[in-house]
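**Student:** Structure file start-v9.txt (compact mmCIF, C-alpha atoms) is given on the next line.
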```
# COMPACT_ATOMS: atom_id res chain seq x y z
CA LYS A 28 -15.37 6.69 9.14
CA MET A 29 -13.09 9.50 8.11
CA VAL A 30 -14.02 11.39 4.97
CA THR A 31 -12.08 14.41 3.87
CA ASN A 32 -13.37 16.66 1.12
CA LYS A 33 -10.82 18.73 -0.74
CA ARG A 34 -10.49 20.58 -3.99
CA PRO A 35 -10.39 18.12 -6.91
CA ASP A 36 -6.86 19.24 -7.77
CA ALA A 37 -5.56 19.33 -4.21
CA ASP A 38 -3.93 15.92 -4.42
CA ARG A 39 -2.57 16.01 -7.95
CA LEU A 40 1.13 15.70 -8.55
CA PRO A 41 2.91 16.70 -11.73
CA ILE A 42 3.94 13.54 -13.53
CA SER A 43 7.52 14.77 -13.21
CA GLN A 44 7.25 14.24 -9.45
CA ARG A 45 7.54 10.49 -9.49
CA ILE A 46 6.88 8.04 -6.71
CA ASP A 47 10.43 7.97 -5.39
CA GLN A 48 11.09 6.80 -1.83
CA ARG A 49 13.34 9.87 -1.44
CA MET A 50 10.89 12.26 -3.10
CA PRO A 51 10.68 15.63 -1.34
CA ASN A 52 7.19 16.60 -0.24
CA PRO A 53 7.05 20.40 0.02
CA LYS A 54 3.26 20.48 -0.42
CA ARG A 55 2.44 18.22 2.53
CA ARG A 56 -0.81 19.60 3.89
CA GLU A 57 -1.33 18.32 7.40
CA ALA A 58 1.61 16.09 8.29
CA THR A 59 2.64 16.14 11.93
CA PRO A 60 6.16 14.68 12.20
CA THR A 61 6.15 11.79 14.64
CA GLU A 62 8.57 9.12 15.76
CA TRP A 63 7.62 5.81 14.18
CA GLN A 64 9.08 2.84 12.34
CA ILE A 65 7.74 -0.25 10.57
CA LYS A 66 9.79 -3.23 9.41
CA GLY A 67 8.12 -6.13 7.67
CA GLU A 68 6.58 -6.86 4.30
CA LEU A 69 4.04 -5.29 1.98
CA PHE A 70 2.38 -7.34 -0.75
CA LEU A 71 -0.42 -6.45 -3.12
CA ASN A 72 -2.52 -7.55 -6.05
CA CYS A 73 -3.84 -5.04 -8.57
CA SER A 74 -5.82 -4.77 -11.79
CA CYS A 75 -2.81 -4.51 -14.12
CA GLU A 76 -2.65 -7.36 -16.66
CA MET A 77 1.15 -7.48 -16.61
CA PHE A 78 3.70 -6.56 -13.95
CA CYS A 79 2.78 -3.17 -12.54
CA PRO A 80 4.36 -0.40 -14.67
CA CYS A 81 4.21 1.94 -11.67
CA VAL A 82 7.21 0.16 -10.12
CA VAL A 83 9.66 0.85 -12.94
CA SER A 84 8.26 4.25 -13.95
CA LEU A 85 7.91 5.38 -10.31
CA GLY A 86 4.23 6.09 -10.85
CA ALA A 87 4.58 8.10 -14.07
CA HIS A 88 3.36 5.42 -16.52
CA PRO A 89 -0.38 4.68 -16.70
CA PRO A 90 -1.59 1.37 -15.26
CA THR A 91 -2.23 -1.21 -17.99
CA GLU A 92 -6.01 -0.79 -17.63
CA GLY A 93 -5.86 3.01 -17.33
CA HIS A 94 -6.83 2.84 -13.65
CA CYS A 95 -5.44 0.94 -10.68
CA HIS A 96 -7.64 -1.05 -8.34
CA ALA A 97 -5.76 -2.94 -5.66
CA TRP A 98 -5.63 -4.45 -2.23
CA MET A 99 -2.50 -4.13 -0.13
CA ALA A 100 -1.40 -6.21 2.85
CA ILE A 101 1.16 -5.02 5.39
CA ALA A 102 2.64 -7.49 7.88
CA ILE A 103 4.52 -5.62 10.62
CA ASP A 104 7.32 -7.77 12.04
CA GLU A 105 8.78 -4.95 14.13
CA GLY A 106 7.41 -1.49 14.67
CA HIS A 107 6.43 1.30 17.00
CA PHE A 108 4.56 4.61 16.97
CA GLU A 109 5.43 7.22 19.58
CA GLY A 110 6.51 4.48 21.98
CA GLU A 111 3.54 2.18 21.29
CA ASN A 112 4.44 -1.31 20.07
CA LEU A 113 3.16 -2.21 16.56
CA SER A 114 5.05 -5.51 16.21
CA GLY A 115 2.95 -8.43 15.00
CA LEU A 116 0.06 -6.30 13.72
CA ASN A 117 -1.43 -6.54 10.23
CA VAL A 118 -3.01 -3.85 8.05
CA GLY A 119 -5.08 -4.20 4.88
CA LEU A 120 -5.81 -1.44 2.38
CA LEU A 121 -8.33 -1.11 -0.43
CA VAL A 122 -6.94 1.32 -3.00
CA ASP A 123 -8.78 2.90 -5.95
CA ILE A 124 -6.61 5.06 -8.22
CA PRO A 125 -8.26 6.64 -11.28
CA GLY A 126 -5.14 7.03 -13.43
CA ARG A 127 -1.39 7.35 -13.04
CA MET A 128 -0.27 6.58 -9.51
CA GLY A 129 1.78 9.78 -9.39
CA GLU A 130 -1.21 12.00 -10.23
CA GLY A 131 -2.99 11.30 -6.97
CA ASN A 132 -6.76 11.29 -6.36
CA TRP A 133 -6.45 7.95 -4.57
CA LYS A 134 -9.42 6.67 -2.59
CA VAL A 135 -8.35 4.40 0.25
CA ALA A 136 -10.02 2.26 2.90
CA ALA A 137 -7.99 0.92 5.83
CA TYR A 138 -8.53 -2.28 7.82
CA VAL A 139 -6.47 -2.30 11.00
CA ASP A 140 -5.72 -5.43 13.02
CA GLU A 141 -8.41 -5.97 15.66
CA ASN A 142 -5.61 -6.75 18.14
CA ALA A 143 -4.22 -3.21 17.92
CA SER A 144 -4.45 -1.05 21.03
CA GLY A 145 -6.25 2.26 20.77
CA LYS A 146 -2.97 4.16 20.44
CA ALA A 147 -1.64 1.65 17.89
CA TYR A 148 -4.86 1.87 15.85
CA ASN A 149 -4.73 5.66 15.73
CA GLY A 150 -1.01 5.61 15.01
CA LEU A 151 -1.40 3.22 12.09
CA LEU A 152 -4.14 5.41 10.63
CA GLN A 153 -1.82 8.42 10.89
CA ILE A 154 0.97 6.46 9.18
CA PHE A 155 -1.19 5.18 6.32
CA SER A 156 -2.94 8.52 5.75
CA GLY A 157 0.46 10.20 5.51
CA ALA A 158 -0.24 12.43 8.49
CA ALA A 159 2.68 10.98 10.48
CA GLY A 160 5.18 12.13 7.84
CA GLY A 161 8.26 10.19 6.84
CA THR A 162 8.15 7.38 4.27
CA THR A 163 4.37 7.52 3.82
CA GLY A 164 4.16 11.32 4.05
CA LEU A 165 3.58 11.55 0.29
CA PHE A 166 0.13 10.01 0.92
CA THR A 167 -1.05 13.44 2.08
CA MET A 168 -0.74 14.52 -1.55
CA LEU A 169 -1.77 11.29 -3.24
CA VAL A 170 -4.82 10.29 -1.18
CA SER A 171 -7.80 12.53 -1.84
CA GLU A 172 -10.33 10.58 0.25
CA ILE A 173 -10.21 8.04 3.02
CA ILE A 174 -13.47 6.21 2.31
CA GLY A 175 -13.33 4.13 5.47
CA ALA A 176 -11.24 3.01 8.43
CA GLU A 177 -12.11 0.15 10.74
CA ARG A 178 -10.80 -2.54 13.04
CA ALA A 179 -10.99 -5.95 11.42
CA PRO A 180 -9.62 -9.50 11.67
CA VAL A 181 -6.77 -9.07 9.16
CA LYS A 182 -5.29 -12.53 8.60
CA ILE A 183 -2.01 -12.66 6.68
CA ILE A 184 -0.15 -15.85 5.77
CA ARG A 185 3.39 -15.87 4.36
CA ASP A 186 4.34 -19.36 3.28
CA GLY A 187 7.29 -19.93 0.96
CA ASN A 188 6.55 -18.35 -2.41
CA LYS A 189 2.89 -17.65 -1.55
CA ARG A 190 1.19 -14.82 0.32
CA SER A 191 -2.43 -14.42 1.31
CA ILE A 192 -4.73 -12.00 3.08
CA GLN A 193 -8.22 -12.59 4.45
CA ILE A 194 -10.43 -9.83 5.87
CA GLY A 195 -13.77 -11.53 6.50
CA ARG A 196 -15.72 -11.59 3.26
CA LYS A 197 -14.40 -8.20 2.18
CA ILE A 198 -10.94 -9.11 0.86
CA ALA A 199 -9.72 -12.62 0.07
CA GLY A 200 -6.46 -12.62 -1.84
CA GLU A 201 -3.72 -15.10 -2.61
CA ILE A 202 -0.65 -14.38 -4.72
CA GLU A 203 2.37 -16.39 -5.83
CA MET A 204 5.90 -15.31 -6.70
CA ILE A 205 6.97 -15.70 -10.34
CA ALA A 206 9.73 -18.30 -10.51
CA GLY A 207 13.14 -17.18 -11.74
CA LYS A 208 15.93 -19.07 -13.47
CA SER A 209 17.37 -20.02 -10.10
CA PRO A 210 14.72 -21.95 -8.15
CA ASP A 211 15.54 -20.19 -4.89
CA HIS A 212 15.47 -16.67 -6.36
CA PRO A 213 12.18 -15.32 -7.77
CA VAL A 214 11.95 -12.68 -10.49
CA MET A 215 12.52 -9.30 -8.90
CA ILE A 216 13.52 -5.70 -9.40
CA SER A 217 16.42 -4.58 -7.22
CA ASN A 218 17.88 -1.23 -6.23
CA SER A 219 14.77 0.72 -7.22
CA LYS A 220 13.85 4.20 -6.01
CA TYR A 221 10.22 3.06 -5.63
CA TRP A 222 8.59 4.50 -2.52
CA MET A 223 7.78 1.10 -0.98
CA GLY A 224 11.37 -0.09 -0.97
CA PRO A 225 14.31 -0.92 -3.26
CA ASP A 226 13.56 -4.62 -3.87
CA ILE A 227 10.25 -5.71 -5.40
CA ILE A 228 9.44 -9.35 -6.10
CA ALA A 229 7.18 -9.98 -9.11
CA ALA A 230 4.13 -12.14 -8.44
CA ARG A 231 0.68 -12.91 -9.84
CA GLY A 232 -2.76 -13.25 -8.35
CA VAL A 233 -4.00 -16.80 -7.77
CA LYS A 234 -7.40 -16.26 -6.16
CA SER A 235 -8.15 -12.68 -5.36
CA LYS A 236 -11.47 -10.95 -4.72
CA VAL A 237 -12.56 -7.67 -3.16
CA ARG A 238 -16.14 -6.84 -2.19
CA ASP A 239 -16.57 -3.70 -0.08
CA TYR A 240 -17.47 -0.01 -0.37
CA GLY A 241 -19.40 -0.72 -3.57
CA ARG A 242 -16.32 -2.23 -5.23
CA VAL A 243 -16.45 -5.76 -6.62
CA TRP A 244 -13.02 -6.71 -8.00
CA ASP A 245 -11.33 -9.92 -9.14
CA PHE A 246 -7.55 -9.90 -9.59
CA GLY A 247 -7.01 -13.58 -10.35
CA GLY A 248 -4.07 -13.96 -12.76
CA LYS A 249 -3.19 -10.27 -12.58
CA SER A 250 -0.14 -8.35 -11.43
CA ALA A 251 1.09 -8.71 -7.87
CA GLU A 252 4.21 -7.74 -5.98
CA ILE A 253 5.97 -8.39 -2.69
CA CYS A 254 8.26 -5.86 -1.06
CA PRO A 255 10.29 -5.99 2.16
CA ILE A 256 9.75 -2.67 3.92
CA ASN A 257 11.68 -0.56 6.40
CA TRP A 258 9.72 2.65 6.82
CA GLN A 259 10.10 5.40 9.35
CA GLY A 260 8.93 8.81 10.36
CA PRO A 261 10.96 12.00 9.92
CA ALA A 262 11.75 12.03 13.63
CA ALA A 263 12.92 8.38 13.77
```
The structure in this file should be written as structure tokens.
**Tutor:**
Amino acid sequence: KMVTNKRPDADRLPISQRIDQRMPNPKRREATPTEWQIKGELFLNCSCEMFCPCVVSLGAHPPTEGHCHAWMAIAIDEGHFEGENLSGLNVGLLVDIPGRMGEGNWKVAAYVDENASGKAYNGLLQIFSGAAGGTTGLFTMLVSEIIGAERAPVKIIRDGNKRSIQIGRKIAGEIEMIAGKSPDHPVMISNSKYWMGPDIIAARGVKSKVRDYGRVWDFGGKSAEICPINWQGPAA
């Protein structure tokens, strides 16, 4: 496990510094620019009762419940880290945010595909801790503690308008896109500056439970989102 202790205010961002995918990060603490890229899809389910206000406000608006508990699933269709292939790997995250997303103090646990090589495993941890710089570099300011990191059987299914993740008995989540007026086009936000990517599909939790690291969460019926991603390091 990796646990990093820092000053309580070390990871706080002024609310004015919103979660923008082009947001400069002059305070990055320990980022080591590396050559990496990930293309695929991120989807998540969180504790917000209605569609996540963080998306539109770029992290400046409080979550509907005052805090944000979430799981995230990342399916990597194509990717590499310093020459190591990441294609076909899955990553799960447990995320515990005490207030506004943009204020930091996130606690995060990472579950990396058990099929990852040693170099791929370490590379993915660098990417999702922010240490690799680039798109996820802002995590060095937002994440105050990595409460755990482990290899795990991260099973992701993408089937039509449904998405699911299964990580043993720790995370079991299924979400479904919210239907739009046109049956082949779900409700979505387009052309956003959100850090994940410009297009975010609105969804809701169907069956969704988390039980790990002392957290017991149920996100059934709550806010979810699906986002195509194309992330890269500063040296890509």
**Student:** Any idea what the distance is between atom CA of A:Lys197 and atom CA of A:Ser144?
**Tutor:**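 Atom CA of A:Lys197 sits 22.5 Å away from atom CA of A:Ser144.
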**Student:** What is the distance, in Å and to one decimal place, between atom CA of A:Gly247 and atom CA of A:Arg231?
**Tutor:**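 One can read the atom CA of A:Gly247 to atom CA of A:Arg231 distance as 7.7 Å.
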**Student:** Find, counting only C-alpha atoms, the residue in A:Ile256, A:Ile216, A:Met168, A:Leu120 that gets nearest to A:Gln193.
**Tutor:** A:Leu120
**Student:** Which residues are near A:Ser235? Cut-off 8 Å, all atoms listed in the file, ignore same chain within fewer than 6 positions. Put them as a compact mmCIF listing (two decimals) with C-alpha atoms, keeping the file's coordinate frame.
**Tutor:**
```
# COMPACT_ATOMS: atom_id res chain seq x y z
CA ASN A 72 -2.52 -7.55 -6.05
CA ILE A 198 -10.94 -9.11 0.86
CA ALA A 199 -9.72 -12.62 0.07
CA GLY A 200 -6.46 -12.62 -1.84
CA GLU A 201 -3.72 -15.10 -2.61
CA ILE A 202 -0.65 -14.38 -4.72
CA ASP A 245 -11.33 -9.92 -9.14
CA PHE A 246 -7.55 -9.90 -9.59
CA GLY A 247 -7.01 -13.58 -10.35
```
**Student:** Set out as JSON lines a contact list for stretch 109-161 of chain A and stretch 169-175 of chain A with a cut-off of 12 Å, giving each residue of stretch 109-161 of chain A that qualifies its closest atom pair and distance in Å to one decimal, counting only C-alpha atoms, ordered by chain and rising residue number.
**Tutor:**
```
{"residue": "A:Gly119", "atom": "CA", "partner": "A:Gly175", "partner_atom": "CA", "distance": 11.7}
{"residue": "A:Leu120", "atom": "CA", "partner": "A:Gly175", "partner_atom": "CA", "distance": 9.9}
{"residue": "A:Leu121", "atom": "CA", "partner": "A:Gly175", "partner_atom": "CA", "distance": 9.3}
{"residue": "A:Val122", "atom": "CA", "partner": "A:Val170", "partner_atom": "CA", "distance": 9.4}
{"residue": "A:Asp123", "atom": "CA", "partner": "A:Val170", "partner_atom": "CA", "distance": 9.6}
{"residue": "A:Ile124", "atom": "CA", "partner": "A:Val170", "partner_atom": "CA", "distance": 9.0}
{"residue": "A:Pro125", "atom": "CA", "partner": "A:Ser171", "partner_atom": "CA", "distance": 11.1}
{"residue": "A:Gly126", "atom": "CA", "partner": "A:Leu169", "partner_atom": "CA", "distance": 11.5}
{"residue": "A:Arg127", "atom": "CA", "partner": "A:Leu169", "partner_atom": "CA", "distance": 10.6}
{"residue": "A:Met128", "atom": "CA", "partner": "A:Leu169", "partner_atom": "CA", "distance": 8.0}
{"residue": "A:Gly129", "atom": "CA", "partner": "A:Leu169", "partner_atom": "CA", "distance": 7.3}
{"residue": "A:Glu130", "atom": "CA", "partner": "A:Leu169", "partner_atom": "CA", "distance": 7.0}
{"residue": "A:Gly131", "atom": "CA", "partner": "A:Leu169", "partner_atom": "CA", "distance": 3.9}
{"residue": "A:Asn132", "atom": "CA", "partner": "A:Ser171", "partner_atom": "CA", "distance": 4.8}
{"residue": "A:Trp133", "atom": "CA", "partner": "A:Val170", "partner_atom": "CA", "distance": 4.4}
{"residue": "A:Lys134", "atom": "CA", "partner": "A:Glu172", "partner_atom": "CA", "distance": 4.9}
{"residue": "A:Val135", "atom": "CA", "partner": "A:Ile173", "partner_atom": "CA", "distance": 4.9}
{"residue": "A:Ala136", "atom": "CA", "partner": "A:Gly175", "partner_atom": "CA", "distance": 4.6}
{"residue": "A:Ala137", "atom": "CA", "partner": "A:Gly175", "partner_atom": "CA", "distance": 6.2}
{"residue": "A:Tyr138", "atom": "CA", "partner": "A:Gly175", "partner_atom": "CA", "distance": 8.3}
{"residue": "A:Val139", "atom": "CA", "partner": "A:Gly175", "partner_atom": "CA", "distance": 10.9}
{"residue": "A:Leu152", "atom": "CA", "partner": "A:Ile173", "partner_atom": "CA", "distance": 10.1}
{"residue": "A:Gln153", "atom": "CA", "partner": "A:Ile173", "partner_atom": "CA", "distance": 11.5}
{"residue": "A:Phe155", "atom": "CA", "partner": "A:Val170", "partner_atom": "CA", "distance": 9.8}
{"residue": "A:Ser156", "atom": "CA", "partner": "A:Val170", "partner_atom": "CA", "distance": 7.4}
{"residue": "A:Gly157", "atom": "CA", "partner": "A:Val170", "partner_atom": "CA", "distance": 8.5}
{"residue": "A:Ala158", "atom": "CA", "partner": "A:Val170", "partner_atom": "CA", "distance": 10.9}
```
**Student:** Report, in Å with one decimal, the straight-line distance from atom CA of A:Glu105 to atom CA of A:Tyr221.
**Tutor:** 21.4 Å
**Student:** With only C-alpha atoms as the basis for distance, which of A:Ala176, A:Ile184, A:Ala159, A:Cys75 is at the shortest distance from A:Tyr240?
**Tutor:** A:Ala176
**Student:** So which residues touch A:Pro261 within 7 Å, counting only C-alpha atoms, skipping near sequence neighbours fewer than 6 positions away, as an MDAnalysis selection string?
**Tutor:** chainID A and resid 60:62 160:161
**Student:** Could you tell me which of A:Trp258, A:Ile65, A:Ile103, A:Lys236 comes closest to A:Ile192 if we count all atoms listed in the file?
**Tutor:** A:Lys236
**Student:** For A:Glu68, which residue among A:Cys95, A:Ala251, A:Ala100, A:Ala230 is the nearest when counting only C-alpha atoms?
**Tutor:**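 Selected residue with least distance to A:Glu68: A:Ala100.
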**Student:** Please identify all polymer residues within 6 Å of A:Ile101, counting all atoms listed in the file, omitting same-chain residues fewer than 3 positions from it, and present them as a ChimeraX atom specification.
**Tutor:** /A:68-69,117-118
**Student:** Choose the residue, out of A:Ala179, A:Asn112, A:His107, A:Thr167, that has the smallest atom-to-atom separation from A:Asp140; count only C-alpha atoms.
**Tutor:** A:Ala179
